[in-house]
$ cat my_file_36.txt   # compact mmCIF, C-alpha atoms
# COMPACT_ATOMS: atom_id res chain seq x y z
CA MET A 1 134.10 63.91 -134.56
CA PHE A 2 131.00 61.75 -134.72
CA HIS A 3 130.14 59.14 -132.08
CA TYR A 4 126.46 58.57 -132.80
CA PHE A 5 124.68 58.87 -136.11
CA ILE A 6 121.17 58.21 -137.41
CA GLY A 7 121.23 57.50 -141.09
CA GLU A 8 121.26 55.02 -143.92
CA ILE A 9 124.05 52.80 -145.27
CA LYS A 10 125.17 53.53 -148.83
CA ARG A 11 127.73 51.44 -150.69
CA TYR A 12 129.72 52.89 -153.56
CA TRP A 13 132.39 50.76 -155.14
CA ASN A 14 134.33 49.35 -152.20
CA LYS A 15 133.46 52.19 -149.80
CA ILE A 16 130.70 52.29 -147.19
CA TYR A 17 129.02 55.51 -146.13
CA ILE A 18 126.41 56.38 -143.54
CA GLN A 19 124.33 59.28 -144.76
CA ASN A 20 121.61 61.50 -143.40
CA GLN A 21 120.17 64.70 -144.85
CA GLN A 22 123.22 66.80 -143.94
CA PHE A 23 126.29 64.53 -143.85
CA TRP A 24 127.95 61.48 -145.32
CA ILE A 25 130.52 59.62 -143.23
CA GLU A 26 132.89 57.13 -144.82
CA THR A 27 133.10 54.26 -142.36
CA ASN A 28 134.02 50.65 -141.79
CA TYR A 29 130.82 48.69 -141.27
CA LEU A 30 130.26 44.96 -141.69
CA TRP A 31 126.84 44.24 -140.22
CA SER A 32 123.60 43.90 -142.14
CA LYS A 33 121.52 46.86 -140.94
CA SER A 34 120.68 49.26 -143.77
CA LYS A 35 119.42 52.21 -141.73
CA GLY A 36 118.82 53.40 -138.20
CA GLU A 37 121.07 54.25 -135.28
CA PHE A 38 124.80 53.68 -135.55
CA PHE A 39 127.41 54.01 -132.84
CA ILE A 40 130.62 55.41 -134.29
CA HIS A 41 134.19 55.15 -133.05
CA PRO A 42 136.55 57.71 -134.58
CA TYR A 43 140.08 56.30 -134.73
CA LEU A 44 142.95 58.72 -135.26
CA ASP A 45 145.43 57.08 -137.64
CA ASP A 46 148.72 58.78 -136.81
CA ASN A 47 150.53 57.21 -139.77
CA LYS A 48 148.11 58.55 -142.37
CA LYS A 49 147.22 61.69 -140.38
CA THR A 50 143.51 61.01 -140.79
CA ILE A 51 140.45 59.85 -138.87
CA VAL A 52 139.00 56.45 -139.69
CA TYR A 53 135.44 55.73 -138.54
CA PHE A 54 134.18 52.34 -137.37
CA ALA A 55 130.39 51.89 -137.13
CA PHE A 56 128.49 49.50 -134.85
CA ASP A 57 124.85 48.53 -134.42
CA THR A 58 124.97 48.65 -130.62
CA VAL A 59 126.89 50.59 -128.02
CA ILE A 60 128.02 47.25 -126.53
CA GLN A 61 129.82 46.39 -129.78
CA LYS A 62 131.49 49.81 -129.71
CA TRP A 63 132.62 49.32 -126.10
CA LEU A 64 134.01 45.87 -126.90
CA PHE A 65 135.90 47.38 -129.84
CA GLU A 66 137.37 50.06 -127.55
CA ASP A 67 138.39 47.36 -125.05
CA MET A 68 140.05 45.33 -127.81
CA LEU A 69 142.10 48.39 -128.82
CA LYS A 70 143.63 48.34 -125.33
CA VAL A 71 145.07 44.87 -125.95
CA ASN A 72 148.68 44.84 -127.10
CA TRP A 73 149.19 43.65 -130.69
CA VAL A 74 145.59 44.50 -131.64
CA GLY A 75 145.08 47.37 -134.03
CA PRO A 76 141.76 48.86 -135.14
CA LYS A 77 141.20 46.56 -138.12
CA THR A 78 141.89 43.44 -136.05
CA ALA A 79 139.76 44.71 -133.16
CA PHE A 80 136.95 45.41 -135.62
CA GLN A 81 137.13 41.83 -136.90
CA ILE A 82 137.25 40.35 -133.39
CA VAL A 83 134.15 42.30 -132.32
CA GLN A 84 132.18 40.72 -135.14
CA LEU A 85 132.89 37.17 -134.01
CA PRO A 86 130.13 35.33 -132.14
CA LYS A 87 130.50 36.10 -128.43
CA GLU A 88 130.22 32.46 -127.37
CA GLN A 89 132.98 31.36 -129.74
CA LEU A 90 135.22 34.25 -128.69
CA HIS A 91 134.68 33.54 -124.99
CA ASN A 92 135.34 29.82 -125.51
CA ALA A 93 138.50 30.50 -127.55
CA ILE A 94 139.86 32.72 -124.78
CA LYS A 95 138.89 30.25 -122.08
CA THR A 96 140.53 27.30 -123.85
CA LEU A 97 143.51 29.31 -125.19
CA ASP A 98 142.51 28.38 -128.75
CA VAL A 99 145.28 30.03 -130.77
CA LYS A 100 143.99 28.61 -134.07
CA PHE A 101 140.71 30.48 -133.59
CA PHE A 102 142.59 33.79 -133.55
CA GLN A 103 144.85 32.71 -136.44
CA SER A 104 141.69 32.36 -138.55
CA ILE A 105 141.29 36.15 -138.38
CA PRO A 106 142.97 37.76 -141.41
CA GLY A 107 146.25 39.44 -140.51
CA ILE A 108 146.92 37.44 -137.33
CA GLY A 109 149.78 34.97 -137.51
CA PRO A 110 150.81 32.28 -135.02
CA LYS A 111 152.97 34.51 -132.82
CA SER A 112 150.43 37.33 -132.67
CA ALA A 113 147.61 34.88 -131.99
CA LYS A 114 149.49 33.46 -128.99
CA LYS A 115 150.19 36.92 -127.61
CA ILE A 116 146.61 38.09 -128.10
CA VAL A 117 144.99 35.03 -126.54
CA LEU A 118 147.31 35.18 -123.53
CA GLU A 119 146.64 38.87 -123.02
CA LEU A 120 142.88 38.35 -123.35
CA LYS A 121 143.02 35.38 -120.98
CA GLY A 122 144.82 37.60 -118.47
CA ASN A 123 142.07 40.21 -118.70
CA PHE A 124 139.10 40.17 -116.39
CA ASP A 125 135.46 41.11 -116.14
CA ILE A 126 134.75 44.75 -115.42
CA GLU A 127 132.18 43.63 -112.80
CA GLU A 128 135.02 42.19 -110.70
CA VAL A 129 136.79 45.53 -110.66
CA GLN A 130 133.66 47.55 -109.95
CA ALA A 131 132.71 45.23 -107.09
CA MET A 132 136.11 45.86 -105.47
CA ASP A 133 135.95 49.64 -106.03
CA ILE A 134 139.45 49.91 -107.52
CA ASP A 135 140.84 51.29 -110.72
CA GLN A 136 140.87 48.82 -113.66
CA LYS A 137 144.46 49.65 -114.67
CA LEU A 138 145.66 49.31 -111.07
CA TYR A 139 143.94 45.94 -110.76
CA LYS A 140 145.50 44.77 -114.04
CA ASP A 141 148.94 46.03 -112.97
CA ILE A 142 148.79 44.09 -109.70
CA ILE A 143 147.80 40.88 -111.50
CA LYS A 144 150.49 41.29 -114.20
CA SER A 145 153.17 42.03 -111.61
CA LEU A 146 152.39 38.98 -109.53
CA LYS A 147 151.88 36.70 -112.55
CA TRP A 148 155.39 37.67 -113.67
CA PHE A 149 156.65 36.21 -110.39
CA GLY A 150 154.76 32.97 -111.08
CA TYR A 151 151.62 33.46 -108.98
CA ASP A 152 148.29 32.09 -110.22
CA SER A 153 145.99 34.83 -111.56
CA ASP A 154 142.82 33.22 -110.14
CA LYS A 155 144.35 33.16 -106.66
CA ILE A 156 145.45 36.77 -107.06
CA LYS A 157 141.92 37.83 -108.09
CA THR A 158 140.34 35.95 -105.19
CA THR A 159 142.74 37.53 -102.71
CA LEU A 160 142.16 41.02 -104.20
CA GLN A 161 138.39 40.58 -103.90
CA ALA A 162 138.76 39.69 -100.22
CA TYR A 163 141.06 42.64 -99.45
CA PRO A 164 139.34 44.61 -96.64
CA GLU A 165 140.34 48.16 -97.66
CA LYS A 166 140.02 50.24 -100.81
CA ILE A 167 143.03 49.62 -103.05
CA THR A 168 144.81 52.73 -104.32
CA LYS A 169 148.20 53.56 -105.81
CA ASN A 170 149.32 54.74 -102.38
CA ASN A 171 148.76 51.38 -100.70
CA MET A 172 149.57 49.13 -103.68
CA ALA A 173 152.92 47.94 -102.24
CA GLU A 174 151.19 46.95 -98.99
CA VAL A 175 148.44 45.15 -100.94
CA ILE A 176 151.00 43.16 -102.96
CA LYS A 177 152.92 42.16 -99.82
CA ARG A 178 149.70 41.02 -98.21
CA ILE A 179 148.64 39.03 -101.27
CA ILE A 180 152.05 37.31 -101.46
CA GLY A 181 151.72 36.40 -97.78
CA GLN A 182 148.26 34.87 -98.36
CA ILE A 183 148.95 32.91 -101.55

$ encode --input "my_file_36.txt" --output "structure tokens"
Amino acid sequence: MFHYFIGEIKRYWNKIYIQNQQFWIETNYLWSKSKGEFFIHPYLDDNKKTIVYFAFDTVIQKWLFEDMLKVNWVGPKTAFQIVQLPKEQLHNAIKTLDVKFFQSIPGIGPKSAKKIVLELKGNFDIEEVQAMDIDQKLYKDIIKSLKWFGYDSDKIKTTLQAYPEKITKNNMAEVIKRIIGQI
């Protein structure tokens, strides 16, 4: 599978290819660069039993795409469209819970837009997790668990950041008890 490719964009009918001297890769690509470096994400489509490639101009765009795939109700085509939105508008839509912004993306209806924006709003910056030296999934699980009980996610994050020990799966129950006692 390809993850990085130096080549040139070729368009034939409604298909887009990145080609170099040895290979052609059929890909999904919506930016304006005609040649150079491309960061590729191979997506295994279980339904069609095939690999679909998504191409990006920067590794940051590829990483954002991969993060979007982790969000429930977001498939590869939707994630690909979200990644192409201006960062400022996307950040503002998440911050203000702007469901209509997400409904403007083809294939996202009112219910899906609400679910996506709430899930994205519940997500966090990777810098917060790295600063606390804990696993991202563990951090997310603690926040989701406590939010389900009605606790404020900002208060949970603040309390987690102030926790004096390294947070692991082994001490997660103790951490949650302590957070509940402090909120």

$ closest_residue --input "my_file_36.txt" --among "A:Tyr17, A:Phe80, A:Phe101, A:Trp31" --to "Trp63 (chain A)" --atoms "all atoms listed in the file"
A:Phe80

$ closest_residue --input "my_file_36.txt" --among "A:Phe102, A:Tyr43, A:Tyr163, A:Trp73" --to "Met1 (chain A)" --atoms "all atoms listed in the file"
A:Tyr43

$ closest_residue --input "my_file_36.txt" --among "A:Lys111, A:His91, A:Lys157, A:Lys121" --to "Ile176 (chain A)" --atoms "only C-alpha atoms"
A:Lys157

$ closest_residue --input "my_file_36.txt" --among "A:Gln103, A:Ser145, A:Gln81, A:Gln89" --to "Phe54 (chain A)" --atoms "all atoms listed in the file"
A:Gln81

$ closest_residue --input "my_file_36.txt" --among "A:Lys114, A:Ile180, A:Asn72, A:Gly107" --to "Leu146 (chain A)" --atoms "only C-alpha atoms"
A:Ile180

$ closest_residue --input "my_file_36.txt" --among "A:Lys35, A:Trp13, A:Ile179, A:Lys95" --to "Gln161 (chain A)" --atoms "all atoms listed in the file"
A:Ile179

$ atom_distance --input "my_file_36.txt" --atom1 "CA of Lys169 (chain A)" --atom2 "CA of Lys155 (chain A)"
20.8 Å

$ atom_distance --input "my_file_36.txt" --atom1 "CA of Phe39 (chain A)" --atom2 "CA of Phe5 (chain A)"
6.5 Å

$ atom_distance --input "my_file_36.txt" --atom1 "CA of Asn170 (chain A)" --atom2 "CA of Leu120 (chain A)"
27.4 Å

$ axis_aligned_box --input "my_file_36.txt" --around "region 42-47 of chain A" --padding-each-side "5 Å" --output "lines of an AutoDock Vina configuration file"
center_x = 143.5
center_y = 57.5
center_z = -137.2
size_x = 24.0
size_y = 12.5
size_z = 15.2

$ residues_near_point --input "my_file_36.txt" --point "(146.0, 39.7, -122.3)" --cutoff "12 Å" --atoms "only C-alpha atoms" --output "PyMOL selection string"
chain A and resi 67-74+94-95+97+112-124+140-141+143-144+147+153
